[in-house]
$ cat run_18.cif   # mmCIF, C-alpha atoms
data_protein
loop_
_atom_site.group_PDB
_atom_site.id
_atom_site.type_symbol
_atom_site.label_atom_id
_atom_site.label_comp_id
_atom_site.auth_asym_id
_atom_site.auth_seq_id
_atom_site.Cartn_x
_atom_site.Cartn_y
_atom_site.Cartn_z
ATOM 1 C CA HIS M 1 0.000 0.000 0.000
ATOM 2 C CA ALA M 2 1.039 3.575 -0.599
ATOM 3 C CA GLY M 3 0.915 5.322 2.770
ATOM 4 C CA THR M 4 -0.196 4.072 6.163
ATOM 5 C CA LEU M 5 -3.348 5.406 7.798
ATOM 6 C CA ASP M 6 -3.481 5.891 11.565
ATOM 7 C CA PRO M 7 -5.341 3.035 13.311
ATOM 8 C CA LEU M 8 -8.446 5.182 13.971
ATOM 9 C CA ALA M 9 -8.400 7.044 10.643
ATOM 10 C CA SER M 10 -10.555 6.235 7.644
ATOM 11 C CA GLY M 11 -10.455 7.095 3.984
ATOM 12 C CA LEU M 12 -8.341 6.595 0.934
ATOM 13 C CA LEU M 13 -5.554 4.022 0.841
ATOM 14 C CA ILE M 14 -3.929 3.194 -2.486
ATOM 15 C CA ILE M 15 -3.184 -0.524 -2.805
ATOM 16 C CA CYS M 16 -0.826 -1.622 -5.561
ATOM 17 C CA VAL M 17 -0.489 -5.082 -7.073
ATOM 18 C CA GLY M 18 1.668 -6.534 -9.830
ATOM 19 C CA ARG M 19 3.761 -4.071 -11.799
ATOM 20 C CA PHE M 20 2.052 -1.137 -10.024
ATOM 21 C CA THR M 21 4.028 -1.915 -6.847
ATOM 22 C CA LYS M 22 6.898 -0.096 -8.575
ATOM 23 C CA GLN M 23 4.762 3.083 -8.408
ATOM 24 C CA ILE M 24 4.306 3.071 -4.600
ATOM 25 C CA ASP M 25 7.016 5.681 -3.958
ATOM 26 C CA ASN M 26 5.416 7.995 -6.544
ATOM 27 C CA TYR M 27 1.989 7.692 -4.896
ATOM 28 C CA GLN M 28 3.403 8.213 -1.406
ATOM 29 C CA ALA M 29 5.143 11.415 -2.500
ATOM 30 C CA GLN M 30 1.917 13.033 -3.722
ATOM 31 C CA GLU M 31 0.001 15.735 -1.881
ATOM 32 C CA LYS M 32 -2.689 14.513 0.525
ATOM 33 C CA GLU M 33 -5.963 15.964 1.773
ATOM 34 C CA TYR M 34 -7.637 15.207 5.097
ATOM 35 C CA THR M 35 -10.789 16.230 6.915
ATOM 36 C CA GLY M 36 -11.356 15.733 10.592
ATOM 37 C CA THR M 37 -12.322 16.972 14.009
ATOM 38 C CA LEU M 38 -10.127 18.064 16.851
ATOM 39 C CA ARG M 39 -11.246 18.541 20.415
ATOM 40 C CA LEU M 40 -9.797 21.430 22.371
ATOM 41 C CA GLY M 41 -9.208 21.410 26.127
ATOM 42 C CA ALA M 42 -7.493 18.043 26.574
ATOM 43 C CA THR M 43 -4.612 15.896 25.367
ATOM 44 C CA THR M 44 -3.900 12.201 24.949
ATOM 45 C CA PRO M 45 -0.484 10.489 24.658
ATOM 46 C CA SER M 46 -1.319 9.375 21.089
ATOM 47 C CA PHE M 47 -2.866 12.769 20.127
ATOM 48 C CA ASP M 48 -6.103 10.932 19.199
ATOM 49 C CA LEU M 49 -8.693 8.596 20.749
ATOM 50 C CA GLU M 50 -6.343 5.582 20.757
ATOM 51 C CA LYS M 51 -5.222 6.499 24.300
ATOM 52 C CA PRO M 52 -7.277 8.030 27.139
ATOM 53 C CA ILE M 53 -7.123 11.713 28.091
ATOM 54 C CA ASP M 54 -4.036 12.443 30.179
ATOM 55 C CA ALA M 55 -4.501 16.188 30.829
ATOM 56 C CA GLU M 56 -7.255 18.789 30.647
ATOM 57 C CA PHE M 57 -6.921 22.499 29.889
ATOM 58 C CA PRO M 58 -9.233 25.511 29.702
ATOM 59 C CA TYR M 59 -10.606 26.342 26.259
ATOM 60 C CA GLU M 60 -13.303 28.932 27.060
ATOM 61 C CA HIS M 61 -10.858 31.765 26.236
ATOM 62 C CA ILE M 62 -10.555 30.596 22.602
ATOM 63 C CA THR M 63 -12.297 32.719 19.979
ATOM 64 C CA GLU M 64 -12.804 32.246 16.245
ATOM 65 C CA GLU M 65 -10.320 35.068 15.679
ATOM 66 C CA MET M 66 -7.663 33.266 17.768
ATOM 67 C CA VAL M 67 -8.278 30.035 15.873
ATOM 68 C CA ASP M 68 -7.897 31.817 12.546
ATOM 69 C CA GLU M 69 -4.685 33.543 13.654
ATOM 70 C CA VAL M 70 -3.162 30.238 14.828
ATOM 71 C CA ARG M 71 -4.365 28.405 11.703
ATOM 72 C CA GLN M 72 -2.370 30.820 9.544
ATOM 73 C CA ARG M 73 0.843 29.955 11.444
ATOM 74 C CA PHE M 74 0.565 26.393 10.121
ATOM 75 C CA LEU M 75 0.450 27.394 6.440
ATOM 76 C CA GLY M 76 3.482 26.985 4.190
ATOM 77 C CA ASP M 77 6.719 25.166 4.968
ATOM 78 C CA ILE M 78 7.019 24.359 8.678
ATOM 79 C CA GLU M 79 8.891 21.991 10.985
ATOM 80 C CA GLN M 80 6.908 19.291 12.732
ATOM 81 C CA VAL M 81 7.817 16.739 15.397
ATOM 82 C CA PRO M 82 6.002 13.486 14.607
ATOM 83 C CA PRO M 83 4.142 11.732 17.439
ATOM 84 C CA GLN M 84 5.735 9.035 19.595
ATOM 85 C CA PHE M 85 2.898 6.762 18.429
ATOM 86 C CA SER M 86 4.007 6.733 14.777
ATOM 87 C CA ALA M 87 5.425 4.220 12.295
ATOM 88 C CA ILE M 88 8.786 6.009 12.088
ATOM 89 C CA ARG M 89 11.698 3.587 12.388
ATOM 90 C CA MET M 90 14.210 4.271 15.148
ATOM 91 C CA GLY M 91 17.134 1.844 15.229
ATOM 92 C CA GLY M 92 15.165 -0.879 13.451
ATOM 93 C CA ARG M 93 12.062 -0.500 15.642
ATOM 94 C CA ARG M 94 8.877 1.449 15.065
ATOM 95 C CA ALA M 95 8.392 4.462 17.339
ATOM 96 C CA TYR M 96 4.908 3.220 18.306
ATOM 97 C CA GLU M 97 6.418 -0.083 19.517
ATOM 98 C CA MET M 98 8.777 1.840 21.765
ATOM 99 C CA ALA M 99 5.969 4.118 22.987
ATOM 100 C CA ARG M 100 3.742 1.154 23.853
ATOM 101 C CA GLU M 101 6.618 -0.238 25.942
ATOM 102 C CA GLY M 102 6.973 3.073 27.787
ATOM 103 C CA GLU M 103 10.130 4.174 25.950
ATOM 104 C CA GLU M 104 10.450 7.603 24.359
ATOM 105 C CA ALA M 105 11.903 7.571 20.848
ATOM 106 C CA PRO M 106 14.244 10.498 19.998
ATOM 107 C CA ILE M 107 12.194 11.702 17.033
ATOM 108 C CA GLN M 108 13.665 14.666 15.158
ATOM 109 C CA PRO M 109 11.597 17.495 13.609
ATOM 110 C CA ARG M 110 10.806 17.205 9.901
ATOM 111 C CA GLN M 111 10.086 19.734 7.169
ATOM 112 C CA ILE M 112 6.518 19.542 5.887
ATOM 113 C CA SER M 113 4.353 21.770 3.721
ATOM 114 C CA ILE M 114 0.738 22.801 4.296
ATOM 115 C CA PRO M 115 -0.674 24.813 1.369
ATOM 116 C CA THR M 116 -4.283 24.657 2.644
ATOM 117 C CA PHE M 117 -5.680 24.602 6.182
ATOM 118 C CA GLU M 118 -9.334 25.554 6.686
ATOM 119 C CA ILE M 119 -11.531 25.478 9.765
ATOM 120 C CA THR M 120 -14.913 24.275 8.493
ATOM 121 C CA ARG M 121 -16.790 24.237 11.827
ATOM 122 C CA PHE M 122 -16.179 26.184 15.034
ATOM 123 C CA GLU M 123 -18.252 24.764 17.870
ATOM 124 C CA LEU M 124 -16.221 24.730 21.072
ATOM 125 C CA PRO M 125 -14.722 22.503 22.243
ATOM 126 C CA GLU M 126 -14.657 21.007 18.720
ATOM 127 C CA LEU M 127 -13.217 22.263 15.446
ATOM 128 C CA ASP M 128 -13.684 20.587 12.067
ATOM 129 C CA PHE M 129 -10.983 21.131 9.467
ATOM 130 C CA ARG M 130 -9.765 20.412 5.964
ATOM 131 C CA ILE M 131 -6.045 20.282 5.365
ATOM 132 C CA VAL M 132 -3.898 19.705 2.274
ATOM 133 C CA CYS M 133 -0.348 18.681 3.072
ATOM 134 C CA SER M 134 2.883 17.095 1.901
ATOM 135 C CA LYS M 135 4.140 13.583 2.468
ATOM 136 C CA GLY M 136 5.256 12.989 6.036
ATOM 137 C CA THR M 137 2.712 15.274 7.696
ATOM 138 C CA TYR M 138 1.176 13.914 10.887
ATOM 139 C CA ILE M 139 -2.284 15.404 11.387
ATOM 140 C CA ARG M 140 -2.236 14.191 15.002
ATOM 141 C CA SER M 141 0.829 16.384 15.583
ATOM 142 C CA ILE M 142 -1.004 19.303 13.969
ATOM 143 C CA ALA M 143 -3.805 18.773 16.526
ATOM 144 C CA ARG M 144 -1.323 18.694 19.428
ATOM 145 C CA ASP M 145 0.543 21.778 18.210
ATOM 146 C CA PHE M 146 -2.680 23.648 17.405
ATOM 147 C CA GLY M 147 -3.956 23.180 20.962
ATOM 148 C CA PHE M 148 -0.607 24.279 22.382
ATOM 149 C CA GLU M 149 -0.611 27.438 20.228
ATOM 150 C CA LEU M 150 -4.083 28.259 21.624
ATOM 151 C CA ASP M 151 -2.800 27.939 25.233
ATOM 152 C CA SER M 152 -4.868 24.814 25.640
ATOM 153 C CA GLY M 153 -4.635 21.200 24.546
ATOM 154 C CA ALA M 154 -6.115 19.338 21.582
ATOM 155 C CA TYR M 155 -6.420 15.858 20.139
ATOM 156 C CA LEU M 156 -8.093 14.282 17.098
ATOM 157 C CA THR M 157 -11.511 12.709 17.460
ATOM 158 C CA ALA M 158 -11.939 11.990 13.721
ATOM 159 C CA LEU M 159 -9.628 11.818 10.702
ATOM 160 C CA ARG M 160 -10.374 10.904 7.086
ATOM 161 C CA ARG M 161 -7.959 10.958 4.134
ATOM 162 C CA THR M 162 -9.976 12.245 1.201
ATOM 163 C CA ARG M 163 -7.330 12.596 -1.506
ATOM 164 C CA ILE M 164 -3.870 11.424 -2.588
ATOM 165 C CA GLY M 165 -2.716 13.365 -5.632
ATOM 166 C CA GLU M 166 -5.490 12.990 -8.227
ATOM 167 C CA PHE M 167 -7.098 10.017 -6.465
ATOM 168 C CA ARG M 168 -10.227 10.898 -4.457
ATOM 169 C CA VAL M 169 -11.994 8.846 -1.804
ATOM 170 C CA GLU M 170 -15.383 9.332 -3.490
ATOM 171 C CA ASN M 171 -14.040 7.464 -6.556
ATOM 172 C CA ALA M 172 -12.468 4.631 -4.544
ATOM 173 C CA ILE M 173 -13.649 1.044 -4.265
ATOM 174 C CA GLN M 174 -14.723 -0.107 -0.799
ATOM 175 C CA LEU M 175 -12.473 -2.939 0.335
ATOM 176 C CA THR M 176 -13.741 -5.321 2.971
ATOM 177 C CA ILE M 177 -11.280 -7.616 4.700
ATOM 178 C CA THR M 178 -12.574 -10.718 6.432
ATOM 179 C CA SER M 179 -10.612 -13.139 8.549
#

$ encode --input "run_18.cif" --output "structure tokens"
Amino acid sequence: HAGTLDPLASGLLIICVGRFTKQIDNYQAQEKEYTGTLRLGATTPSFDLEKPIDAEFPYEHITEEMVDEVRQRFLGDIEQVPPQFSAIRMGGRRAYEMAREGEEAPIQPRQISIPTFEITRFELPELDFRIVCSKGTYIRSIARDFGFELDSGAYLTALRRTRIGEFRVENAIQLTITS
């Protein structure tokens, strides 16, 4: 497949077979689009619903104007620290394996690009968004950083990949896996 989805995410996943497996790197490098919901006022160790809330913060001070100002700081080329619960390899092991064993992986910041970041619903403590980003972007980290920039906390409650390059989720085939 061309690009892992987080365990709780849904949406588009390109699966290659036969000679198309040689195209995986090309598909992974393409721009991606996501929609989702983040909840302000709390954090989780995984930055989503995979782990329980570990801290709560006030969010009543947050206004639409503040959200828009912070949103603009995420546009363009930025550095991002991926989450501990990620598939990044550290010394032959996945970071999420280390995190689940209580170890902290020394993950370095990465350059990413975000040409589009829209807030599509403002209903505290929740915000819905649409984001277009480069390969290597962790939307869970965007949620964490967004909450921090608002002097609060935040984590994802929903995430859906809607596009990879020219491929759109509405044109995809539903794949059902049975065991």

$ closest_residue --input "run_18.cif" --among "M:Asn26, M:Ser152, M:Gln108, M:Thr35" --to "Met66 in chain M" --atoms "all atoms listed in the file"
M:Ser152

$ residues_around --input "run_18.cif" --residues "range 15-20 of chain M" --least-positions-apart "2" --cutoff "12 Å" --atoms "only C-alpha atoms" --output "MDAnalysis selection string"
chainID M and resid 1:4 12:13 22:28 164 167 172:175

$ write_last_selection --input "run_18.cif" --atoms "C-alpha atoms" --output "short mmCIF file (atom, residue, chain, number, x, y, z; two decimals), in the frame of the given file"
data_model
loop_
_atom_site.label_atom_id
_atom_site.label_comp_id
_atom_site.auth_asym_id
_atom_site.auth_seq_id
_atom_site.Cartn_x
_atom_site.Cartn_y
_atom_site.Cartn_z
CA HIS M 1 0.00 0.00 0.00
CA ALA M 2 1.04 3.58 -0.60
CA GLY M 3 0.92 5.32 2.77
CA THR M 4 -0.20 4.07 6.16
CA LEU M 12 -8.34 6.60 0.93
CA LEU M 13 -5.55 4.02 0.84
CA LYS M 22 6.90 -0.10 -8.57
CA GLN M 23 4.76 3.08 -8.41
CA ILE M 24 4.31 3.07 -4.60
CA ASP M 25 7.02 5.68 -3.96
CA ASN M 26 5.42 8.00 -6.54
CA TYR M 27 1.99 7.69 -4.90
CA GLN M 28 3.40 8.21 -1.41
CA ILE M 164 -3.87 11.42 -2.59
CA PHE M 167 -7.10 10.02 -6.46
CA ALA M 172 -12.47 4.63 -4.54
CA ILE M 173 -13.65 1.04 -4.26
CA GLN M 174 -14.72 -0.11 -0.80
CA LEU M 175 -12.47 -2.94 0.34
#

$ closest_residue --input "run_18.cif" --among "M:Phe129, M:Thr44, M:Ile88, M:Gln72" --to "Ala158 in chain M" --atoms "only C-alpha atoms"
M:Phe129

$ resolve_selection --input "run_18.cif" --expression "the PyMOL selection byres ((chain M and resi 120) around 12)" --output "mmCIF file with C-alpha atoms, in the coordinates of the input"
data_model
loop_
_atom_site.group_PDB
_atom_site.id
_atom_site.type_symbol
_atom_site.label_atom_id
_atom_site.label_comp_id
_atom_site.auth_asym_id
_atom_site.auth_seq_id
_atom_site.Cartn_x
_atom_site.Cartn_y
_atom_site.Cartn_z
ATOM 1 C CA THR M 35 -10.789 16.230 6.915
ATOM 2 C CA GLY M 36 -11.356 15.733 10.592
ATOM 3 C CA THR M 37 -12.322 16.972 14.009
ATOM 4 C CA LEU M 38 -10.127 18.064 16.851
ATOM 5 C CA GLU M 64 -12.804 32.246 16.245
ATOM 6 C CA VAL M 67 -8.278 30.035 15.873
ATOM 7 C CA ASP M 68 -7.897 31.817 12.546
ATOM 8 C CA ARG M 71 -4.365 28.405 11.703
ATOM 9 C CA PHE M 117 -5.680 24.602 6.182
ATOM 10 C CA GLU M 118 -9.334 25.554 6.686
ATOM 11 C CA ILE M 119 -11.531 25.478 9.765
ATOM 12 C CA ARG M 121 -16.790 24.237 11.827
ATOM 13 C CA PHE M 122 -16.179 26.184 15.034
ATOM 14 C CA GLU M 123 -18.252 24.764 17.870
ATOM 15 C CA GLU M 126 -14.657 21.007 18.720
ATOM 16 C CA LEU M 127 -13.217 22.263 15.446
ATOM 17 C CA ASP M 128 -13.684 20.587 12.067
ATOM 18 C CA PHE M 129 -10.983 21.131 9.467
ATOM 19 C CA ARG M 130 -9.765 20.412 5.964
ATOM 20 C CA ILE M 131 -6.045 20.282 5.365
#

$ resolve_selection --input "run_18.cif" --expression "the PyMOL selection byres ((chain M and resi 140) around 7)" --output "short mmCIF file (atom, residue, chain, number, x, y, z; two decimals) with C-alpha atoms, in the coordinates of the input"
data_model
loop_
_atom_site.label_atom_id
_atom_site.label_comp_id
_atom_site.auth_asym_id
_atom_site.auth_seq_id
_atom_site.Cartn_x
_atom_site.Cartn_y
_atom_site.Cartn_z
CA PHE M 47 -2.87 12.77 20.13
CA ASP M 48 -6.10 10.93 19.20
CA TYR M 138 1.18 13.91 10.89
CA ILE M 139 -2.28 15.40 11.39
CA SER M 141 0.83 16.38 15.58
CA ILE M 142 -1.00 19.30 13.97
CA ALA M 143 -3.80 18.77 16.53
CA ARG M 144 -1.32 18.69 19.43
CA TYR M 155 -6.42 15.86 20.14
CA LEU M 156 -8.09 14.28 17.10
#

$ resolve_selection --input "run_18.cif" --expression "the PyMOL selection byres ((chain M and resi 80-86) around 10)" --output "JSON, numbers by chain"
{"M": [4, 6, 45, 46, 47, 48, 50, 74, 77, 78, 79, 87, 88, 89, 94, 95, 96, 97, 98, 99, 100, 103, 104, 105, 106, 107, 108, 109, 110, 111, 112, 113, 136, 137, 138, 139, 140, 141, 142, 144, 145]}

$ write_last_selection --input "run_18.cif" --atoms "C-alpha atoms" --output "mmCIF file, in the coordinates of the input"
data_model
loop_
_atom_site.group_PDB
_atom_site.id
_atom_site.type_symbol
_atom_site.label_atom_id
_atom_site.label_comp_id
_atom_site.auth_asym_id
_atom_site.auth_seq_id
_atom_site.Cartn_x
_atom_site.Cartn_y
_atom_site.Cartn_z
ATOM 1 C CA THR M 4 -0.196 4.072 6.163
ATOM 2 C CA ASP M 6 -3.481 5.891 11.565
ATOM 3 C CA PRO M 45 -0.484 10.489 24.658
ATOM 4 C CA SER M 46 -1.319 9.375 21.089
ATOM 5 C CA PHE M 47 -2.866 12.769 20.127
ATOM 6 C CA ASP M 48 -6.103 10.932 19.199
ATOM 7 C CA GLU M 50 -6.343 5.582 20.757
ATOM 8 C CA PHE M 74 0.565 26.393 10.121
ATOM 9 C CA ASP M 77 6.719 25.166 4.968
ATOM 10 C CA ILE M 78 7.019 24.359 8.678
ATOM 11 C CA GLU M 79 8.891 21.991 10.985
ATOM 12 C CA ALA M 87 5.425 4.220 12.295
ATOM 13 C CA ILE M 88 8.786 6.009 12.088
ATOM 14 C CA ARG M 89 11.698 3.587 12.388
ATOM 15 C CA ARG M 94 8.877 1.449 15.065
ATOM 16 C CA ALA M 95 8.392 4.462 17.339
ATOM 17 C CA TYR M 96 4.908 3.220 18.306
ATOM 18 C CA GLU M 97 6.418 -0.083 19.517
ATOM 19 C CA MET M 98 8.777 1.840 21.765
ATOM 20 C CA ALA M 99 5.969 4.118 22.987
ATOM 21 C CA ARG M 100 3.742 1.154 23.853
ATOM 22 C CA GLU M 103 10.130 4.174 25.950
ATOM 23 C CA GLU M 104 10.450 7.603 24.359
ATOM 24 C CA ALA M 105 11.903 7.571 20.848
ATOM 25 C CA PRO M 106 14.244 10.498 19.998
ATOM 26 C CA ILE M 107 12.194 11.702 17.033
ATOM 27 C CA GLN M 108 13.665 14.666 15.158
ATOM 28 C CA PRO M 109 11.597 17.495 13.609
ATOM 29 C CA ARG M 110 10.806 17.205 9.901
ATOM 30 C CA GLN M 111 10.086 19.734 7.169
ATOM 31 C CA ILE M 112 6.518 19.542 5.887
ATOM 32 C CA SER M 113 4.353 21.770 3.721
ATOM 33 C CA GLY M 136 5.256 12.989 6.036
ATOM 34 C CA THR M 137 2.712 15.274 7.696
ATOM 35 C CA TYR M 138 1.176 13.914 10.887
ATOM 36 C CA ILE M 139 -2.284 15.404 11.387
ATOM 37 C CA ARG M 140 -2.236 14.191 15.002
ATOM 38 C CA SER M 141 0.829 16.384 15.583
ATOM 39 C CA ILE M 142 -1.004 19.303 13.969
ATOM 40 C CA ARG M 144 -1.323 18.694 19.428
ATOM 41 C CA ASP M 145 0.543 21.778 18.210
#

$ residues_around --input "run_18.cif" --residues "Leu124 in chain M" --least-positions-apart "6" --cutoff "12 Å" --atoms "all atoms listed in the file" --output "list in words"
Thr37, Leu38, Arg39, Leu40, Gly41, Pro58, Tyr59, Glu60, His61, Ile62, Thr63, Glu64, Val67 and Ala154 of chain M

$ write_last_selection --input "run_18.cif" --atoms "C-alpha atoms" --output "PDB file, in the frame of the given file"
ATOM      1  CA  THR M  37     -12.322  16.972  14.009  1.00  0.00           C
ATOM      2  CA  LEU M  38     -10.127  18.064  16.851  1.00  0.00           C
ATOM      3  CA  ARG M  39     -11.246  18.541  20.415  1.00  0.00           C
ATOM      4  CA  LEU M  40      -9.797  21.430  22.371  1.00  0.00           C
ATOM      5  CA  GLY M  41      -9.208  21.410  26.127  1.00  0.00           C
ATOM      6  CA  PRO M  58      -9.233  25.511  29.702  1.00  0.00           C
ATOM      7  CA  TYR M  59     -10.606  26.342  26.259  1.00  0.00           C
ATOM      8  CA  GLU M  60     -13.303  28.932  27.060  1.00  0.00           C
ATOM      9  CA  HIS M  61     -10.858  31.765  26.236  1.00  0.00           C
ATOM     10  CA  ILE M  62     -10.555  30.596  22.602  1.00  0.00           C
ATOM     11  CA  THR M  63     -12.297  32.719  19.979  1.00  0.00           C
ATOM     12  CA  GLU M  64     -12.804  32.246  16.245  1.00  0.00           C
ATOM     13  CA  VAL M  67      -8.278  30.035  15.873  1.00  0.00           C
ATOM     14  CA  ALA M 154      -6.115  19.338  21.582  1.00  0.00           C
TER      15      ALA M 154
END

$ closest_residue --input "run_18.cif" --among "M:Gly147, M:Gly102, M:Gly76, M:Gly91" --to "Thr116 in chain M" --atoms "all atoms listed in the file"
M:Gly76

$ decode --input "run_18.cif" --residues "range 116-170 of chain M" --atoms "C-alpha atoms" --output "short mmCIF file (atom, residue, chain, number, x, y, z; two decimals), in the first residue's frame"
data_model
loop_
_atom_site.label_atom_id
_atom_site.label_comp_id
_atom_site.auth_asym_id
_atom_site.auth_seq_id
_atom_site.Cartn_x
_atom_site.Cartn_y
_atom_site.Cartn_z
CA THR M 116 -4.28 24.66 2.64
CA PHE M 117 -5.68 24.60 6.18
CA GLU M 118 -9.33 25.55 6.69
CA ILE M 119 -11.53 25.48 9.77
CA THR M 120 -14.91 24.28 8.49
CA ARG M 121 -16.79 24.24 11.83
CA PHE M 122 -16.18 26.18 15.03
CA GLU M 123 -18.25 24.76 17.87
CA LEU M 124 -16.22 24.73 21.07
CA PRO M 125 -14.72 22.50 22.24
CA GLU M 126 -14.66 21.01 18.72
CA LEU M 127 -13.22 22.26 15.45
CA ASP M 128 -13.68 20.59 12.07
CA PHE M 129 -10.98 21.13 9.47
CA ARG M 130 -9.76 20.41 5.96
CA ILE M 131 -6.04 20.28 5.36
CA VAL M 132 -3.90 19.71 2.27
CA CYS M 133 -0.35 18.68 3.07
CA SER M 134 2.88 17.09 1.90
CA LYS M 135 4.14 13.58 2.47
CA GLY M 136 5.26 12.99 6.04
CA THR M 137 2.71 15.27 7.70
CA TYR M 138 1.18 13.91 10.89
CA ILE M 139 -2.28 15.40 11.39
CA ARG M 140 -2.24 14.19 15.00
CA SER M 141 0.83 16.38 15.58
CA ILE M 142 -1.00 19.30 13.97
CA ALA M 143 -3.80 18.77 16.53
CA ARG M 144 -1.32 18.69 19.43
CA ASP M 145 0.54 21.78 18.21
CA PHE M 146 -2.68 23.65 17.40
CA GLY M 147 -3.96 23.18 20.96
CA PHE M 148 -0.61 24.28 22.38
CA GLU M 149 -0.61 27.44 20.23
CA LEU M 150 -4.08 28.26 21.62
CA ASP M 151 -2.80 27.94 25.23
CA SER M 152 -4.87 24.81 25.64
CA GLY M 153 -4.63 21.20 24.55
CA ALA M 154 -6.12 19.34 21.58
CA TYR M 155 -6.42 15.86 20.14
CA LEU M 156 -8.09 14.28 17.10
CA THR M 157 -11.51 12.71 17.46
CA ALA M 158 -11.94 11.99 13.72
CA LEU M 159 -9.63 11.82 10.70
CA ARG M 160 -10.37 10.90 7.09
CA ARG M 161 -7.96 10.96 4.13
CA THR M 162 -9.98 12.25 1.20
CA ARG M 163 -7.33 12.60 -1.51
CA ILE M 164 -3.87 11.42 -2.59
CA GLY M 165 -2.72 13.37 -5.63
CA GLU M 166 -5.49 12.99 -8.23
CA PHE M 167 -7.10 10.02 -6.47
CA ARG M 168 -10.23 10.90 -4.46
CA VAL M 169 -11.99 8.85 -1.80
CA GLU M 170 -15.38 9.33 -3.49
#
